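The file start-v1.txt contains compact mmCIF, C-alpha atoms and all ligand atoms:
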# COMPACT_ATOMS: atom_id res chain seq x y z
CA MET R 1 0.00 0.00 0.00
CA LEU R 2 2.69 2.52 1.10
CA LEU R 3 5.29 0.87 -1.13
CA GLN R 4 3.18 1.58 -4.22
CA LEU R 5 3.09 5.33 -3.47
CA PHE R 6 6.83 5.71 -3.97
CA GLU R 7 7.52 2.94 -6.50
CA GLY R 8 9.77 3.95 -9.37
CA LEU R 9 11.72 6.61 -7.46
CA PRO R 10 15.49 6.10 -7.53
CA PHE R 11 17.05 5.78 -4.04
CA TYR R 12 18.65 9.25 -4.19
CA ALA R 13 15.13 10.73 -4.59
CA LEU R 14 13.30 8.20 -2.38
CA TRP R 15 15.11 9.17 0.85
CA PRO R 16 14.59 12.98 0.50
CA VAL R 17 10.93 12.54 -0.50
CA LEU R 18 10.26 10.23 2.48
CA ALA R 19 12.26 12.57 4.75
CA ALA R 20 10.05 15.49 3.69
CA VAL R 21 6.92 13.44 4.48
CA GLY R 22 8.31 12.34 7.87
CA VAL R 23 9.49 15.81 8.90
CA GLY R 24 6.08 17.19 7.86
CA TRP R 25 4.31 14.70 10.17
CA TYR R 26 6.82 15.45 12.97
CA LEU R 27 6.22 19.20 12.79
CA LEU R 28 2.46 18.76 12.46
CA ILE R 29 1.95 16.34 15.38
CA CYS R 30 4.67 17.48 17.81
CA GLY R 31 4.29 21.14 16.83
CA GLY R 32 0.50 20.94 17.17
CA LEU R 33 0.71 19.37 20.62
CA TYR R 34 3.43 21.85 21.68
CA LEU R 35 1.31 24.82 20.59
CA PHE R 36 -1.76 23.38 22.34
CA LEU R 37 0.10 22.69 25.63
CA HIS R 38 2.29 25.81 25.74
CA ARG R 39 0.95 28.54 23.49
CA SER R 40 -2.84 28.14 23.18
CA ARG R 41 -5.57 29.57 25.39
CA TYR R 42 -5.77 26.14 27.03
CA ALA R 43 -2.11 26.31 28.13
CA ALA R 44 -2.90 27.86 31.52
CA SER R 45 -5.36 25.10 32.48
CA ALA R 46 -3.09 22.37 31.03
CA ARG R 47 -0.25 23.53 33.31
CA ARG R 48 -1.87 21.78 36.26
CA TRP R 49 -0.77 18.48 34.66
CA LYS R 50 2.79 19.57 33.79
CA THR R 51 5.26 17.12 35.29
CA GLN R 52 8.00 19.67 35.97
CA LEU R 53 6.65 22.94 37.27
CA GLN R 54 9.26 25.18 35.67
CA SER R 55 8.77 26.23 32.03
CA THR R 56 10.95 24.77 29.29
CA ARG R 57 13.59 27.22 28.03
CA SER R 58 13.08 28.40 24.46
CA ASP R 59 16.70 27.57 23.48
CA GLN R 60 16.01 23.98 24.59
CA VAL R 61 12.91 23.83 22.36
CA ARG R 62 14.90 25.15 19.38
CA GLY R 63 17.53 22.45 20.02
CA GLU R 64 14.85 19.74 20.20
CA ILE R 65 13.35 20.86 16.86
CA ARG R 66 16.76 20.99 15.12
CA ASP R 67 17.69 17.51 16.42
CA GLY R 68 14.19 16.21 15.76
CA VAL R 69 14.21 17.23 12.08
CA LEU R 70 17.60 15.57 11.55
CA SER R 71 16.61 12.42 13.45
CA MET R 72 13.26 12.07 11.66
CA SER R 73 15.25 12.17 8.41
CA MET R 74 17.29 9.24 9.78
CA VAL R 75 14.11 7.25 10.53
CA MET R 76 12.95 7.88 6.98
CA GLY R 77 16.38 6.64 5.81
CA SER R 78 15.62 3.27 7.44
CA ILE R 79 12.23 3.23 5.67
CA ALA R 80 13.84 4.24 2.35
CA ILE R 81 16.36 1.36 2.59
CA ALA R 82 13.57 -1.12 3.51
CA PHE R 83 11.47 0.10 0.54
CA TRP R 84 14.45 -0.08 -1.85
CA CYS R 85 15.20 -3.65 -0.71
CA SER R 86 11.55 -4.58 -1.27
CA TYR R 87 11.45 -3.04 -4.79
CA ASN R 88 14.54 -5.10 -5.65
CA GLY R 89 13.26 -8.33 -4.06
CA TYR R 90 15.87 -8.46 -1.28
CA ASN R 91 13.48 -8.52 1.71
CA ARG R 92 9.91 -9.69 2.49
CA LEU R 93 8.22 -6.32 2.97
CA TYR R 94 4.95 -6.57 1.00
CA ALA R 95 2.43 -4.02 -0.22
CA SER R 96 -0.90 -5.85 -0.50
CA PRO R 97 -2.66 -7.08 2.69
CA SER R 98 -4.03 -10.02 0.67
CA GLU R 99 -0.56 -11.35 -0.12
CA TYR R 100 -0.74 -13.57 3.00
CA PRO R 101 -3.84 -14.84 4.91
CA LEU R 102 -5.51 -12.04 6.89
CA TRP R 103 -4.86 -13.81 10.23
CA TYR R 104 -1.14 -13.36 9.53
CA ILE R 105 -1.40 -9.55 9.88
CA PRO R 106 -2.21 -9.41 13.65
CA LEU R 107 0.31 -12.20 14.26
CA SER R 108 3.06 -10.29 12.42
CA ILE R 109 2.11 -7.03 14.22
CA PHE R 110 2.55 -8.90 17.53
CA GLY R 111 5.95 -10.10 16.24
CA VAL R 112 6.98 -6.51 15.42
CA PHE R 113 5.76 -5.38 18.87
CA VAL R 114 7.83 -8.02 20.70
CA VAL R 115 10.97 -7.44 18.58
CA MET R 116 10.75 -3.67 19.07
CA GLU R 117 10.09 -3.88 22.82
CA VAL R 118 13.14 -6.13 23.33
CA PHE R 119 15.42 -4.25 20.90
CA GLU R 120 14.57 -0.70 22.05
CA TRP R 121 14.91 -1.59 25.75
CA THR R 122 18.18 -3.47 25.21
CA PHE R 123 19.72 -0.73 23.04
CA HIS R 124 18.63 1.97 25.50
CA TRP R 125 20.03 -0.05 28.44
CA ALA R 126 23.31 -0.55 26.52
CA CYS R 127 23.49 3.20 25.79
CA HIS R 128 23.58 3.81 29.55
CA ARG R 129 26.06 0.99 30.27
CA SER R 130 28.63 1.38 27.45
CA ASP R 131 30.96 4.39 27.49
CA LEU R 132 31.01 4.44 23.68
CA LEU R 133 27.20 4.34 23.25
CA TRP R 134 26.72 6.86 26.07
CA LYS R 135 28.81 9.36 24.07
CA VAL R 136 26.05 9.14 21.44
CA HIS R 137 22.99 8.81 23.68
CA LYS R 138 23.88 11.60 26.14
CA HIS R 139 22.86 14.03 23.38
CA HIS R 140 19.21 13.10 24.12
CA HIS R 141 19.75 13.70 27.85
CA ARG R 142 20.68 17.36 27.38
CA TYR R 143 16.89 17.86 27.35
CA ALA R 144 16.03 17.46 31.04
CA ASN R 145 12.60 19.12 30.78
CA PRO R 146 11.38 17.75 27.43
CA THR R 147 8.51 18.93 25.22
CA PRO R 148 6.68 16.91 22.52
CA PHE R 149 9.53 17.80 20.12
CA GLY R 150 11.90 15.82 22.39
CA VAL R 151 10.56 12.49 21.09
CA MET R 152 13.03 12.70 18.18
CA ALA R 153 15.69 14.89 19.83
CA ASP R 154 18.49 12.34 19.60
CA ALA R 155 21.85 12.31 17.89
CA PRO R 156 21.15 11.20 14.27
CA ILE R 157 23.09 7.91 14.63
CA ASP R 158 21.19 7.12 17.88
CA MET R 159 17.85 7.52 16.09
CA PHE R 160 19.07 5.60 13.03
CA ILE R 161 19.89 2.60 15.25
CA LYS R 162 16.57 2.98 17.14
CA SER R 163 14.69 2.92 13.83
CA SER R 164 16.77 0.08 12.37
CA PRO R 165 14.14 -2.63 13.19
CA ILE R 166 12.21 -1.17 10.20
CA LEU R 167 15.23 -2.07 8.12
CA TRP R 168 15.99 -5.58 9.39
CA ILE R 169 12.58 -6.97 10.50
CA PRO R 170 11.54 -7.58 6.83
CA PHE R 171 14.60 -9.87 6.59
CA LEU R 172 13.34 -11.92 9.60
CA PHE R 173 9.72 -12.53 8.52
CA PRO R 174 7.23 -11.29 5.88
CA ILE R 175 5.52 -8.08 6.96
CA TRP R 176 2.87 -5.82 5.41
CA ASP R 177 4.30 -2.29 4.94
CA VAL R 178 1.37 -0.60 6.78
CA ALA R 179 1.70 -3.04 9.72
CA LEU R 180 5.45 -2.46 10.08
CA ILE R 181 5.46 1.32 9.76
CA GLY R 182 2.15 1.73 11.63
CA THR R 183 3.40 -0.31 14.63
CA PHE R 184 6.71 1.61 14.72
CA ALA R 185 4.94 4.97 14.40
CA THR R 186 2.44 4.10 17.16
CA MET R 187 5.00 2.75 19.64
CA ASN R 188 7.98 5.00 19.02
CA PHE R 189 6.55 8.20 17.58
CA LEU R 190 3.00 8.68 18.92
CA TYR R 191 3.48 7.03 22.32
CA GLY R 192 6.99 8.56 22.50
CA THR R 193 5.50 12.02 21.90
CA TYR R 194 3.25 11.46 24.94
CA LEU R 195 6.26 10.27 26.99
CA HIS R 196 8.21 13.45 26.17
CA ALA R 197 5.31 15.93 26.26
CA GLY R 198 6.03 16.66 29.93
CA PHE R 199 2.40 16.31 31.04
CA ASP R 200 0.72 13.65 33.20
CA PRO R 201 -3.03 14.02 32.67
CA PRO R 202 -5.17 11.63 34.76
CA TRP R 203 -6.64 9.85 31.71
CA MET R 204 -3.20 8.59 30.62
CA PRO R 205 -1.28 5.76 32.37
CA SER R 206 -0.67 6.51 36.05
CA PRO R 207 2.82 6.97 37.55
CA HIS R 208 1.84 4.03 39.79
CA SER R 209 1.18 1.77 36.77
CA ARG R 210 3.37 -1.31 36.70
CA LEU R 211 2.26 -2.46 33.26
CA LEU R 212 2.79 0.60 31.08
CA VAL R 213 5.46 3.28 30.87
CA SER R 214 3.86 6.63 31.70
CA ALA R 215 5.16 10.15 30.98
CA TRP R 216 6.16 10.27 34.67
CA HIS R 217 8.47 7.27 34.23
CA HIS R 218 10.24 8.75 31.21
CA ASN R 219 10.46 12.15 32.86
CA GLU R 220 12.12 10.40 35.81
CA HIS R 221 14.63 8.87 33.35
CA HIS R 222 15.42 12.36 32.00
CA ALA R 223 15.33 14.43 35.19
CA GLY R 224 15.76 11.90 38.03
CA SER R 225 17.59 8.60 37.72
CA LEU R 226 19.49 7.81 34.53
CA ASP R 227 19.79 4.21 35.77
CA HIS R 228 16.06 3.44 35.65
CA ASN R 229 13.05 3.27 33.32
CA TYR R 230 14.67 2.31 30.01
CA GLY R 231 11.36 1.06 28.55
CA PHE R 232 9.33 3.11 26.08
CA PHE R 233 6.03 1.25 26.08
CA THR R 234 5.62 -1.57 28.63
CA GLY R 235 7.39 -1.96 31.98
CA PHE R 236 8.04 -5.74 31.65
CA LEU R 237 11.77 -5.63 30.90
CA ASP R 238 12.47 -2.92 33.49
CA ILE R 239 10.67 -5.07 36.09
CA LEU R 240 12.52 -8.21 34.95
CA PHE R 241 15.95 -6.55 35.21
CA GLY R 242 15.23 -4.48 38.33
CA THR R 243 15.40 -1.08 36.61
CA ARG R 244 11.76 -0.05 37.04
CA LEU R 245 11.23 3.02 39.24
CA THR R 246 7.73 4.16 40.24
CA PRO R 247 6.76 6.68 42.95
CA ASP R 248 5.86 3.68 45.13
CA ASP R 249 9.39 2.27 44.73
CA LYS R 250 10.77 5.64 45.80
CA VAL R 251 8.47 5.68 48.85
CA ALA R 252 9.66 2.16 49.75
CA ARG R 253 13.28 3.34 49.66
CA ARG R 254 12.69 6.66 51.32
CA PRO R 255 9.44 6.83 53.33
CA SER R 256 9.61 10.63 53.46
CA TYR R 257 9.43 10.81 49.63
CA ARG R 258 6.35 12.56 48.25
CA CYS R 259 5.61 12.49 44.54
CA THR R 260 4.76 16.12 43.89
CA GLU R 261 3.85 15.42 40.25
CA CYS R 262 1.50 12.50 40.97
CA ARG R 263 -1.42 14.63 42.22
CA GLU R 264 -3.02 11.54 43.67
CA PRO R 265 -2.39 9.61 46.89
CA ALA R 266 0.41 7.05 46.67
CA THR R 267 -0.87 3.49 46.77
CA SER R 268 1.61 2.38 49.41
ZN ZN R 301 18.37 7.37 28.16
ZN ZN R 302 13.64 10.61 26.20
Could you rewrite the structure in this file as structure tokens?
Amino acid sequence: MLLQLFEGLPFYALWPVLAAVGVGWYLLICGGLYLFLHRSRYAASARRWKTQLQSTRSDQVRGEIRDGVLSMSMVMGSIAIAFWCSYNGYNRLYASPSEYPLWYIPLSIFGVFVVMEVFEWTFHWACHRSDLLWKVHKHHHRYANPTPFGVMADAPIDMFIKSSPILWIPFLFPIWDVALIGTFATMNFLYGTYLHAGFDPPWMPSPHSRLLVSAWHHNEHHAGSLDHNYGFFTGFLDILFGTRLTPDDKVARRPSYRCTECREPATS
């Protein structure tokens, strides 16, 4: 479906065209949410849910946008390579949902979900454990009070590696283009935008949630403990490897701890 839209373009045109599409979506979604949360007439009432009470500095926002545009271009590079390999018959990325039985689509989406959960957690964990990878990843940690633009504010090589499952999953098993890109966009881009938006509204996952990663958990990774909360979607791997940190864990370690951002009574 998506493959057909860009078929026939040589690689040197495919990457820039896809990059323009990706950057457009980045500016539209992250820019729209940023304007709504910080610049609209609803900004004052939204502030009650802001995780960090101080405002984000404008030079930080400019840095996030500059890094985000570059990094989104890297993501689209992974997609361009995957598309080029498909056009030339090197991988098993397919365009028509009827190419395999329909039951295969949810099964393959679950496969993409599991591969991405394990890969993104492991790579993020390694970035904080390896001196070499930390040199790359610390770029993202300059943004200690992130905004929606921060979802892509990584060093370009960091984001290229994070998006690389798009490139190598079609070599592991057949995957419909919409399923692959849609799952990546939902988990890494849309959910990641929520994680970096810097707001904890009550209708989103709670800081006390053990199942899902909430904006509180990722804010804690940016502004609190670098050694915890490596997950971007579910908390399973952080729980398994003892790197999950919730307000309740902090209370257990330090009974005087009060989660000022939680705005709800702690459960323990
Ligand atoms: Zn990190
Ligand atoms: Zn982050």
**OP:** Counting only C-alpha atoms and all ligand atoms, figure out which residue out of R:Phe160, R:Trp216, R:Tyr143, R:Phe149 gets nearest to ligand ZN 301 (chain R).
**Re:**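 That would be R:Tyr143, the residue with the smallest distance to ligand ZN 301 (chain R).
Here the question is which of R:Arg244, R:Arg254, R:His140, R:His124 gets nearest to ligand ZN 302 (chain R) using all atoms listed in the file, and that residue is R:His140.
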Subject >> Best match for closeness to R:Glu64 among R:Ala155, R:Val17, R:Leu133, R:Ala185, counting only C-alpha atoms >> reply: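 The shortest atom-to-atom distance to R:Glu64 comes from R:Ala155.
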Original post:
Can you tell me which residues sit at most 10 Å away from ligand ZN 301 (chain R), counting only C-alpha atoms and all ligand atoms, written as JSON, numbers by chain?
Top reply: {"R": [121, 123, 124, 125, 126, 127, 128, 134, 137, 138, 139, 140, 141, 154, 218, 221, 222, 225, 226, 227, 228, 229, 230, 231]}
Polymer residues at most 12 Å from R:Asp249, all atoms listed in the file, same-chain spacing of 5 or more positions, as a PDB file with C-alpha atoms, in the frame of the given file:
ATOM      1  CA  PRO R 207       2.820   6.970  37.550  1.00  0.00           C
ATOM      2  CA  HIS R 208       1.840   4.030  39.790  1.00  0.00           C
ATOM      3  CA  SER R 209       1.180   1.770  36.770  1.00  0.00           C
ATOM      4  CA  ARG R 210       3.370  -1.310  36.700  1.00  0.00           C
ATOM      5  CA  HIS R 217       8.470   7.270  34.230  1.00  0.00           C
ATOM      6  CA  HIS R 228      16.060   3.440  35.650  1.00  0.00           C
ATOM      7  CA  ILE R 239      10.670  -5.070  36.090  1.00  0.00           C
ATOM      8  CA  GLY R 242      15.230  -4.480  38.330  1.00  0.00           C
ATOM      9  CA  THR R 243      15.400  -1.080  36.610  1.00  0.00           C
ATOM     10  CA  ARG R 244      11.760  -0.050  37.040  1.00  0.00           C
ATOM     11  CA  ARG R 254      12.690   6.660  51.320  1.00  0.00           C
ATOM     12  CA  PRO R 255       9.440   6.830  53.330  1.00  0.00           C
ATOM     13  CA  TYR R 257       9.430  10.810  49.630  1.00  0.00           C
ATOM     14  CA  ARG R 258       6.350  12.560  48.250  1.00  0.00           C
ATOM     15  CA  CYS R 259       5.610  12.490  44.540  1.00  0.00           C
ATOM     16  CA  ALA R 266       0.410   7.050  46.670  1.00  0.00           C
ATOM     17  CA  THR R 267      -0.870   3.490  46.770  1.00  0.00           C
ATOM     18  CA  SER R 268       1.610   2.380  49.410  1.00  0.00           C
TER      19      SER R 268
END
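Candidate residues R:Arg57, R:His196, R:Arg142, R:Lys135 were compared for distance to ligand ZN 302 (chain R), and the nearest is R:His196, using all atoms listed in the file.
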Original post:
Which of these, R:Ala144, R:Met204, R:Ile166, R:Leu240, has the shortest distance to ligand ZN 302 (chain R) once you count only C-alpha atoms and all ligand atoms?
Top reply: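 Closest residue, counting only C-alpha atoms and all ligand atoms: R:Ala144.
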Residue list as a tab-separated table (two decimals) with C-alpha atoms, in the frame of the given file for point (2.0, -0.1, 1.5), cut-off 10 Å, all atoms listed in the file:
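Dumped to selection.tsv:
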chain	number	residue	atom	x	y	z
R	1	MET	CA	0.00	0.00	0.00
R	2	LEU	CA	2.69	2.52	1.10
R	3	LEU	CA	5.29	0.87	-1.13
R	4	GLN	CA	3.18	1.58	-4.22
R	5	LEU	CA	3.09	5.33	-3.47
R	6	PHE	CA	6.83	5.71	-3.97
R	83	PHE	CA	11.47	0.10	0.54
R	93	LEU	CA	8.22	-6.32	2.97
R	94	TYR	CA	4.95	-6.57	1.00
R	95	ALA	CA	2.43	-4.02	-0.22
R	96	SER	CA	-0.90	-5.85	-0.50
R	97	PRO	CA	-2.66	-7.08	2.69
R	176	TRP	CA	2.87	-5.82	5.41
R	177	ASP	CA	4.30	-2.29	4.94
R	178	VAL	CA	1.37	-0.60	6.78
R	179	ALA	CA	1.70	-3.04	9.72
R	180	LEU	CA	5.45	-2.46	10.08
R	181	ILE	CA	5.46	1.32	9.76
Final N, CA and C atoms of stretch 15-34 of chain R as a PDB file, in the frame of the given file:
ATOM      1  N   TRP R  15      14.812   8.751  -0.518  1.00  0.00           N
ATOM      2  CA  TRP R  15      15.110   9.170   0.850  1.00  0.00           C
ATOM      3  C   TRP R  15      14.668  10.627   1.099  1.00  0.00           C
ATOM      4  N   PRO R  16      15.051  11.596   0.242  1.00  0.00           N
ATOM      5  CA  PRO R  16      14.590  12.980   0.500  1.00  0.00           C
ATOM      6  C   PRO R  16      13.079  13.134   0.479  1.00  0.00           C
ATOM      7  N   VAL R  17      12.400  12.411  -0.441  1.00  0.00           N
ATOM      8  CA  VAL R  17      10.930  12.540  -0.500  1.00  0.00           C
ATOM      9  C   VAL R  17      10.313  11.996   0.788  1.00  0.00           C
ATOM     10  N   LEU R  18      10.782  10.797   1.229  1.00  0.00           N
ATOM     11  CA  LEU R  18      10.260  10.230   2.480  1.00  0.00           C
ATOM     12  C   LEU R  18      10.621  11.108   3.664  1.00  0.00           C
ATOM     13  N   ALA R  19      11.835  11.685   3.652  1.00  0.00           N
ATOM     14  CA  ALA R  19      12.260  12.570   4.750  1.00  0.00           C
ATOM     15  C   ALA R  19      11.328  13.780   4.844  1.00  0.00           C
ATOM     16  N   ALA R  20      10.957  14.330   3.686  1.00  0.00           N
ATOM     17  CA  ALA R  20      10.050  15.490   3.690  1.00  0.00           C
ATOM     18  C   ALA R  20       8.700  15.109   4.283  1.00  0.00           C
ATOM     19  N   VAL R  21       8.204  13.909   3.928  1.00  0.00           N
ATOM     20  CA  VAL R  21       6.920  13.440   4.480  1.00  0.00           C
ATOM     21  C   VAL R  21       7.037  13.260   5.996  1.00  0.00           C
ATOM     22  N   GLY R  22       8.122  12.609   6.437  1.00  0.00           N
ATOM     23  CA  GLY R  22       8.310  12.340   7.870  1.00  0.00           C
ATOM     24  C   GLY R  22       8.464  13.616   8.676  1.00  0.00           C
ATOM     25  N   VAL R  23       9.270  14.544   8.182  1.00  0.00           N
ATOM     26  CA  VAL R  23       9.490  15.810   8.900  1.00  0.00           C
ATOM     27  C   VAL R  23       8.171  16.595   8.953  1.00  0.00           C
ATOM     28  N   GLY R  24       7.390  16.528   7.875  1.00  0.00           N
ATOM     29  CA  GLY R  24       6.080  17.190   7.860  1.00  0.00           C
ATOM     30  C   GLY R  24       5.186  16.660   8.974  1.00  0.00           C
ATOM     31  N   TRP R  25       5.124  15.305   9.103  1.00  0.00           N
ATOM     32  CA  TRP R  25       4.310  14.700  10.170  1.00  0.00           C
ATOM     33  C   TRP R  25       4.847  15.088  11.544  1.00  0.00           C
ATOM     34  N   TYR R  26       6.185  15.100  11.685  1.00  0.00           N
ATOM     35  CA  TYR R  26       6.820  15.450  12.970  1.00  0.00           C
ATOM     36  C   TYR R  26       6.424  16.868  13.386  1.00  0.00           C
ATOM     37  N   LEU R  27       6.533  17.806  12.455  1.00  0.00           N
ATOM     38  CA  LEU R  27       6.220  19.200  12.790  1.00  0.00           C
ATOM     39  C   LEU R  27       4.729  19.379  13.054  1.00  0.00           C
ATOM     40  N   LEU R  28       3.917  18.642  12.288  1.00  0.00           N
ATOM     41  CA  LEU R  28       2.460  18.760  12.460  1.00  0.00           C
ATOM     42  C   LEU R  28       2.013  18.210  13.823  1.00  0.00           C
ATOM     43  N   ILE R  29       2.437  16.994  14.154  1.00  0.00           N
ATOM     44  CA  ILE R  29       1.950  16.340  15.380  1.00  0.00           C
ATOM     45  C   ILE R  29       2.628  16.930  16.627  1.00  0.00           C
ATOM     46  N   CYS R  30       3.972  16.977  16.620  1.00  0.00           N
ATOM     47  CA  CYS R  30       4.670  17.480  17.810  1.00  0.00           C
ATOM     48  C   CYS R  30       4.481  18.992  17.932  1.00  0.00           C
ATOM     49  N   GLY R  31       4.494  19.694  16.809  1.00  0.00           N
ATOM     50  CA  GLY R  31       4.290  21.140  16.830  1.00  0.00           C
ATOM     51  C   GLY R  31       2.872  21.478  17.281  1.00  0.00           C
ATOM     52  N   GLY R  32       1.888  20.709  16.786  1.00  0.00           N
ATOM     53  CA  GLY R  32       0.500  20.940  17.170  1.00  0.00           C
ATOM     54  C   GLY R  32       0.301  20.738  18.662  1.00  0.00           C
ATOM     55  N   LEU R  33       0.863  19.644  19.189  1.00  0.00           N
ATOM     56  CA  LEU R  33       0.710  19.370  20.620  1.00  0.00           C
ATOM     57  C   LEU R  33       1.469  20.416  21.448  1.00  0.00           C
ATOM     58  N   TYR R  34       2.652  20.822  20.963  1.00  0.00           N
ATOM     59  CA  TYR R  34       3.430  21.850  21.680  1.00  0.00           C
ATOM     60  C   TYR R  34       2.634  23.163  21.748  1.00  0.00           C
TER      61      TYR R  34
END
